[in-house]
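Chemist: Below you will find the structure I want to go over with you.
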Amino acid sequence: MIDHLVFIFYILFIIFSTIGYGYFFSYVINKNFLNLDIGYQGLFGFFTLIIISILTSFLTFHGYYHNIFIHTIGVLSFVFFLSKKNINFNAKLFFILFLILFISLYVYKNHDDFSYYHLTYALNLSENKFIIGTGNFGHGFRTFSSIFYFHSLLYLPYIEFYLFHSGSFLILFFFNLILIKKFFNYLKIKKTSFNFFFVLFSITFVNIVFYRIAEHGTDRSAQILIFLCFVLLLELIGEKIKFNNKKNKIEIIFIIIILASSFKAIYYIYLIIIPYTFYKFVFQKKYLSKINLRLIFILGLSLFLNISVNFLNTGCLLYPASNTCFETKWSIPKSEVKLMNSHYEWWAKAGGGAGYKVDMKKEDYIKNFVWVNNWVKTYFFNKVSDTLFGIIFICFLYYILFKYYCKQKKKIYKKVSKNNLKPIYAILFIFLISWFLKHPALRYGGYVLISLPFFIFFSEKIARYKYNFTKVKTMSYLLIFLIFFVFISRNIVRLDKEIKFYKYDLLSSPFFYVDNVESQILRADKNFTLYTTKDNKSCWASKTPCTLWKNNNFIKFFNYYIIYRDTK
């Protein structure tokens, strides 16, 4: 019982701390942000804590005292700003959503990469000051993600590393706080516009498809943020907004894009949205005279830190792009970087997976659309096709329900014209083509790129009709109830399987499974020890720093240790 109470206490402690840092961020960067609801504050706080985590990792390890100090400040900040009368905190919505979504935090088996490097990466930051060249620990340690730095701040007494999967939960929670609040606001003002239906589609997809936190990794959380980014972008296009509100939305979009791209390098492509937004909304005298230099600085700092950590891990500014790599003591050889770049593309194009592998060289397979036929047979059917079918089913279901049950009369009106949506379709088409040509796997952005065009199209179609608002309100509440009923039901079914198959003793403890891996010393001096595991097992939560490769060695450079490959 004590484990469950500690589990609940700590997750609320972290949430309130994160929101507290969000309010601090708003106060420093743009005081208008203080009027935003706590979902936004949560994302701002997440962003802020990542920057704090990266900066402090160069000074010290993220142990108990460090993390308790950091989060105590965050909670105090939350209490301070909560005492202000103008703070937008809906306690009822907060706790109802928390109770609904909390079931997803109970996980026994995490995804396969969790044991390989997700857990160990964050644990290494919790137990050691920043180490240069950690990309030499194994392939997974080269793919920097800021969410690992957030998780390193969750290493706390008693619970230790058992919240290292909860960053994804926080993103899902804050996303729902924002969109559910928007949803209720649209109903409150009786506005059944394009944006109302797009918000409903986004809530539906994210909560039904991304219901399993253990599968989020670093990819799905980024895609959830991209959904939110397009919600805000479409509001800018389709609604009449006052100057200050429009300026605030633009700045929030920039923050969300930088945050999403920090989760995984592949999402840097979404930075294209920033110049589009500049072109569309910012290049006006009114905006140029009020550029937020503090925001530009903090966004620039975030990008600089992300790229710097990437370089200090691998010798590459953007791994695995070999043309961004430099020769250093700790660098991954360019030949190997090119090989891994081909490997990731080969995997995404269904060249290999669990139980199968094409009989062709990787370099030949990924070229000249040779891969398409096998990708269609092996991956499109049934992974992409099932997702596509689900998207189409949701779209037609909502179209039929609203048009034939809620429609008042046949008169048509347009809240967002086709001309306004053309640039959005063009941006999505560019992203989709890039995704298909290089990394056509759903986890690499496919979910959002496949679903968004359908949701935008059907939102525009449904919004053309005049509706009986009483029926719309009833139908909307029913759909929201069904969405979260499905979310809870799918998680109950998942937990039932984990309890039966893995013997998950959920009543005794809420903690996920960790293999008891035996560590052994690989190299050591008086102040530093480099560990490895027996039988080439994944490091899991064994002693850190832990490397999977036995030819690693280290040297001290000023006050830092550098991991390099010993070729002698």
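Residues in the structure tokens are numbered from 1 in each chain, the chains being A, B, ... in the order shown, and ligands are numbered from 1 in the order shown.
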Just the residues within 12 Å of Ile96 of chain A, please, counting only C-alpha atoms, with nothing from its chain fewer than 6 positions along; format it as a PyMOL selection string.

Modeler: chain A and resi 90+102+173+176-177+180+484

Chemist: Run DSSP on the backbone and tell me which residues of segment 379-415 of chain A come out as strand (DSSP E or B); list them as an MDAnalysis selection string.

Modeler: chainID A and resid 407:412

Chemist: For the residues in the current selection, export all heavy atoms as a compact mmCIF listing (two decimals), in the first residue's frame.

Modeler:
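Below is the file part-v6.txt, written as the result:
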```txt
# COMPACT_ATOMS: atom_id res chain seq x y z
N LYS A 407 -27.85 18.51 -37.43
CA LYS A 407 -28.02 19.58 -38.41
C LYS A 407 -29.40 20.23 -38.27
O LYS A 407 -30.41 19.56 -38.14
CB LYS A 407 -27.83 19.04 -39.82
CG LYS A 407 -27.77 20.13 -40.89
CD LYS A 407 -27.46 19.55 -42.25
CE LYS A 407 -28.64 18.73 -42.76
NZ LYS A 407 -28.46 18.37 -44.18
N GLN A 408 -29.39 21.55 -38.37
CA GLN A 408 -30.63 22.31 -38.22
C GLN A 408 -31.32 22.52 -39.56
O GLN A 408 -32.51 22.31 -39.71
CB GLN A 408 -30.34 23.66 -37.57
CG GLN A 408 -31.58 24.43 -37.16
CD GLN A 408 -31.21 25.70 -36.42
OE1 GLN A 408 -30.44 26.50 -36.93
NE2 GLN A 408 -31.75 25.87 -35.22
N LYS A 409 -30.54 22.94 -40.56
CA LYS A 409 -31.09 23.13 -41.90
C LYS A 409 -29.97 23.04 -42.91
O LYS A 409 -28.80 22.90 -42.55
CB LYS A 409 -31.80 24.47 -42.01
CG LYS A 409 -30.97 25.67 -41.55
CD LYS A 409 -31.81 26.93 -41.57
CE LYS A 409 -30.99 28.12 -41.06
NZ LYS A 409 -31.78 29.37 -41.06
N LYS A 410 -30.27 23.10 -44.18
CA LYS A 410 -29.30 22.83 -45.22
C LYS A 410 -28.38 24.00 -45.55
O LYS A 410 -27.46 23.86 -46.35
CB LYS A 410 -30.01 22.39 -46.51
CG LYS A 410 -30.70 21.05 -46.38
CD LYS A 410 -31.32 20.63 -47.70
CE LYS A 410 -31.99 19.27 -47.57
NZ LYS A 410 -32.60 18.86 -48.86
N LYS A 411 -28.61 25.14 -44.96
CA LYS A 411 -27.79 26.30 -45.27
C LYS A 411 -26.32 26.02 -44.96
O LYS A 411 -25.98 25.49 -43.92
CB LYS A 411 -28.26 27.51 -44.48
CG LYS A 411 -27.49 28.79 -44.82
CD LYS A 411 -28.03 29.97 -44.04
CE LYS A 411 -27.25 31.22 -44.35
NZ LYS A 411 -27.73 32.39 -43.59
N ILE A 412 -25.44 26.42 -45.88
CA ILE A 412 -24.01 26.17 -45.73
C ILE A 412 -23.28 27.48 -45.45
O ILE A 412 -23.61 28.52 -46.00
CB ILE A 412 -23.43 25.53 -47.01
CG1 ILE A 412 -24.04 24.13 -47.17
CG2 ILE A 412 -21.92 25.44 -46.96
CD1 ILE A 412 -23.61 23.44 -48.43
```

Chemist: Excluding segment 261-275 of chain A and any residue of its chain fewer than 2 positions from it, enumerate the residues within 7 Å of it, using only C-alpha atoms, and give them as an MDAnalysis selection string.

Modeler: chainID A and resid 144:147 218:219 222 254 257:259 277:279 306

Chemist: For Tyr155 of chain A, please output as a ChimeraX atom specification all residues within 9 Å (counting only C-alpha atoms; exclusion window: fewer than 2 positions along the same chain).

Modeler: /A:62-64,67-68,122-123,126,151-153,157,159-164

Chemist: Excluding same-chain residues fewer than 4 positions from Thr134 of chain A, what lies within 7 Å of it counting only C-alpha atoms, as a ChimeraX atom specification?

Modeler: /A:141,313,563

Chemist: Just want the 8 Å neighbourhood of Tyr319 of chain A, counted on only C-alpha atoms, with same-chain residues fewer than 6 positions away dropped. Output as a list in words.

Modeler: Arg142, Thr143, Ala265, Asn310, Cys325 and Val337 of chain A

Chemist: Those selected residues, please, written with N, CA, C and O atoms and delivered as a compact mmCIF listing (two decimals), in the first residue's frame.

Modeler:
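Contents of again17.txt, freshly written:
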```
# COMPACT_ATOMS: atom_id res chain seq x y z
N ARG A 142 23.23 7.41 -28.64
CA ARG A 142 23.58 8.49 -29.56
C ARG A 142 22.37 9.35 -29.93
O ARG A 142 22.53 10.44 -30.45
N THR A 143 21.19 8.81 -29.74
CA THR A 143 19.98 9.54 -30.13
C THR A 143 19.50 10.37 -28.96
O THR A 143 18.68 9.92 -28.16
N ALA A 265 15.43 14.18 -32.98
CA ALA A 265 15.99 15.02 -34.04
C ALA A 265 15.14 15.03 -35.30
O ALA A 265 15.11 16.02 -36.03
N ASN A 310 24.16 16.89 -28.30
CA ASN A 310 24.32 15.95 -29.41
C ASN A 310 25.78 15.84 -29.82
O ASN A 310 26.32 14.74 -30.01
N CYS A 325 29.21 15.90 -38.70
CA CYS A 325 30.13 15.27 -37.75
C CYS A 325 31.55 15.84 -37.87
O CYS A 325 31.98 16.22 -38.96
N VAL A 337 28.68 6.32 -38.75
CA VAL A 337 27.51 7.21 -38.75
C VAL A 337 26.70 7.00 -40.03
O VAL A 337 25.47 6.89 -40.00
```

Chemist: In Å to one decimal, how far is atom CA of Thr60 of chain A from atom CA of Arg565 of chain A?

Modeler: 24.8 Å

Chemist: Contacts of Gln41 of chain A at 12 Å or less, counting only C-alpha atoms, minus same-chain residues fewer than 3 places along, as a ChimeraX atom specification?

Modeler: /A:15-27,30-38,44-49,74,77-78,81-82,87-89,170-171,173-175,177-178,252,255-256

Chemist: Selected residues, N, CA and C atoms, written as a short mmCIF file (atom, residue, chain, number, x, y, z; two decimals), in the first residue's frame, please.

Modeler:
```
data_model
loop_
_atom_site.label_atom_id
_atom_site.label_comp_id
_atom_site.auth_asym_id
_atom_site.auth_seq_id
_atom_site.Cartn_x
_atom_site.Cartn_y
_atom_site.Cartn_z
N ILE A 15 3.92 17.07 -11.03
CA ILE A 15 3.00 17.86 -11.85
C ILE A 15 2.91 19.30 -11.34
N PHE A 16 2.72 19.46 -10.03
CA PHE A 16 2.61 20.81 -9.47
C PHE A 16 3.92 21.58 -9.61
N SER A 17 5.04 20.88 -9.45
CA SER A 17 6.34 21.52 -9.65
C SER A 17 6.50 22.00 -11.09
N THR A 18 6.13 21.14 -12.04
CA THR A 18 6.26 21.48 -13.46
C THR A 18 5.38 22.68 -13.80
N ILE A 19 4.16 22.69 -13.30
CA ILE A 19 3.26 23.83 -13.53
C ILE A 19 3.83 25.09 -12.89
N GLY A 20 4.44 24.93 -11.69
CA GLY A 20 5.05 26.08 -11.01
C GLY A 20 6.15 26.70 -11.84
N TYR A 21 6.99 25.85 -12.46
CA TYR A 21 8.03 26.39 -13.33
C TYR A 21 7.42 27.03 -14.58
N GLY A 22 6.27 26.51 -15.00
CA GLY A 22 5.58 27.12 -16.14
C GLY A 22 5.13 28.54 -15.83
N TYR A 23 4.60 28.74 -14.64
CA TYR A 23 4.20 30.09 -14.23
C TYR A 23 5.41 31.02 -14.12
N PHE A 24 6.51 30.50 -13.61
CA PHE A 24 7.73 31.30 -13.53
C PHE A 24 8.21 31.68 -14.93
N PHE A 25 8.17 30.71 -15.86
CA PHE A 25 8.54 30.97 -17.25
C PHE A 25 7.65 32.07 -17.84
N SER A 26 6.34 31.97 -17.61
CA SER A 26 5.40 32.97 -18.13
C SER A 26 5.69 34.35 -17.57
N TYR A 27 5.99 34.40 -16.27
CA TYR A 27 6.27 35.70 -15.62
C TYR A 27 7.50 36.36 -16.21
N ASN A 30 6.79 36.29 -20.84
CA ASN A 30 5.65 37.05 -21.37
C ASN A 30 4.55 37.01 -20.32
N LYS A 31 4.35 38.09 -19.61
CA LYS A 31 3.38 38.11 -18.51
C LYS A 31 1.95 37.83 -18.97
N ASN A 32 1.67 38.03 -20.26
CA ASN A 32 0.35 37.69 -20.78
C ASN A 32 0.08 36.19 -20.69
N PHE A 33 1.15 35.39 -20.68
CA PHE A 33 1.01 33.94 -20.57
C PHE A 33 0.42 33.53 -19.21
N LEU A 34 0.53 34.40 -18.21
CA LEU A 34 0.02 34.06 -16.88
C LEU A 34 -1.48 33.83 -16.89
N ASN A 35 -2.16 34.39 -17.88
CA ASN A 35 -3.61 34.22 -17.98
C ASN A 35 -4.00 32.89 -18.63
N LEU A 36 -3.02 32.19 -19.18
CA LEU A 36 -3.31 30.91 -19.83
C LEU A 36 -3.57 29.84 -18.77
N ASP A 37 -4.32 28.79 -19.17
CA ASP A 37 -4.66 27.75 -18.21
C ASP A 37 -3.44 26.88 -17.90
N ILE A 38 -3.60 26.00 -16.93
CA ILE A 38 -2.47 25.25 -16.39
C ILE A 38 -1.91 24.22 -17.36
N PHE A 44 5.08 24.77 -20.56
CA PHE A 44 6.15 25.75 -20.36
C PHE A 44 7.11 25.26 -19.26
N GLY A 45 6.54 24.67 -18.20
CA GLY A 45 7.37 24.16 -17.13
C GLY A 45 8.21 22.98 -17.56
N PHE A 46 7.64 22.12 -18.38
CA PHE A 46 8.38 20.98 -18.93
C PHE A 46 9.58 21.49 -19.72
N PHE A 47 9.33 22.48 -20.55
CA PHE A 47 10.38 23.11 -21.36
C PHE A 47 11.47 23.72 -20.47
N THR A 48 11.04 24.42 -19.42
CA THR A 48 11.98 25.07 -18.50
C THR A 48 12.83 24.06 -17.74
N LEU A 49 12.20 22.99 -17.26
CA LEU A 49 12.92 21.98 -16.49
C LEU A 49 13.94 21.24 -17.34
N GLY A 74 9.79 24.52 -7.52
CA GLY A 74 8.67 24.48 -8.46
C GLY A 74 7.33 24.48 -7.76
N SER A 77 6.66 27.83 -6.25
CA SER A 77 6.26 28.75 -7.32
C SER A 77 4.79 28.54 -7.67
N PHE A 78 4.37 27.28 -7.73
CA PHE A 78 2.96 26.98 -8.02
C PHE A 78 2.05 27.57 -6.95
N PHE A 81 1.96 31.52 -7.26
CA PHE A 81 1.14 32.04 -8.35
C PHE A 81 -0.33 31.64 -8.21
N LEU A 82 -0.58 30.50 -7.56
CA LEU A 82 -1.97 30.08 -7.33
C LEU A 82 -2.69 31.06 -6.40
N ILE A 87 -5.05 33.88 -11.72
CA ILE A 87 -4.52 32.62 -12.23
C ILE A 87 -5.68 31.72 -12.66
N ASN A 88 -5.52 31.13 -13.86
CA ASN A 88 -6.58 30.32 -14.46
C ASN A 88 -6.37 28.85 -14.09
N PHE A 89 -6.88 28.45 -12.93
CA PHE A 89 -6.73 27.07 -12.45
C PHE A 89 -8.10 26.48 -12.19
N LEU A 170 2.84 13.17 -18.52
CA LEU A 170 2.65 14.60 -18.31
C LEU A 170 2.29 15.32 -19.60
N ILE A 171 2.94 14.94 -20.70
CA ILE A 171 2.61 15.56 -21.99
C ILE A 171 1.17 15.26 -22.37
N PHE A 173 -1.28 14.50 -20.32
CA PHE A 173 -2.13 15.18 -19.34
C PHE A 173 -2.28 16.66 -19.67
N PHE A 174 -1.18 17.35 -19.94
CA PHE A 174 -1.23 18.77 -20.24
C PHE A 174 -1.95 19.02 -21.57
N PHE A 175 -1.72 18.15 -22.55
CA PHE A 175 -2.43 18.25 -23.83
C PHE A 175 -3.94 18.21 -23.61
N LEU A 177 -5.61 18.81 -20.82
CA LEU A 177 -6.07 19.98 -20.08
C LEU A 177 -6.33 21.16 -21.02
N ILE A 178 -5.44 21.34 -22.00
CA ILE A 178 -5.58 22.45 -22.95
C ILE A 178 -6.77 22.25 -23.87
N ILE A 252 3.55 30.77 -28.53
CA ILE A 252 3.32 29.43 -27.99
C ILE A 252 3.64 28.37 -29.03
N ILE A 255 7.33 27.81 -29.12
CA ILE A 255 7.79 27.04 -27.94
C ILE A 255 7.49 25.56 -28.12
N ILE A 256 6.28 25.26 -28.58
CA ILE A 256 5.87 23.86 -28.74
C ILE A 256 6.71 23.16 -29.80
#
```

Chemist: Would you please extract all helix (DSSP H, G or I) residues from segment 127-346 of chain A, as assigned by DSSP on the backbone, and give them as a PyMOL selection string?

Modeler: chain A and resi 127+134-137+139-142+146-152+167-188+194-209+213-215+219-238+243-263+265-282+285-288+293-314+322-324+334-346

Chemist: Separation of atom CA of Phe454 of chain A and atom CA of Cys395 of chain A, in Å?

Modeler: 7.3 Å

Chemist: Quick one, how far is atom CA of Asp359 of chain A from atom CA of Phe436 of chain A?

Modeler: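 Taking atom CA of Asp359 of chain A as the start and atom CA of Phe436 of chain A as the end point, the length is 21.9 Å.
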
Chemist: Between A:Ser115, A:Ser451, A:Thr474, A:Asn373, which one has atoms that come closest to Thr387 of chain A, using only C-alpha atoms?

Modeler: A:Ser451

Chemist: Sorted by chain and rising residue number, which residues of segment 78-165 of chain A lie within 12 Å of segment 189-207 of chain A, and what are their closest atom pairs and distances in Å to one decimal, counting only C-alpha atoms, as a Markdown table?

Modeler:
```
| residue | atom | partner | partner_atom | distance |
| --- | --- | --- | --- | --- |
| A:Leu97 | CA | A:Asn207 | CA | 11.8 |
| A:Ile100 | CA | A:Asn207 | CA | 10.9 |
| A:Leu101 | CA | A:Asn207 | CA | 9.2 |
| A:Ser104 | CA | A:Asn207 | CA | 10.7 |
```
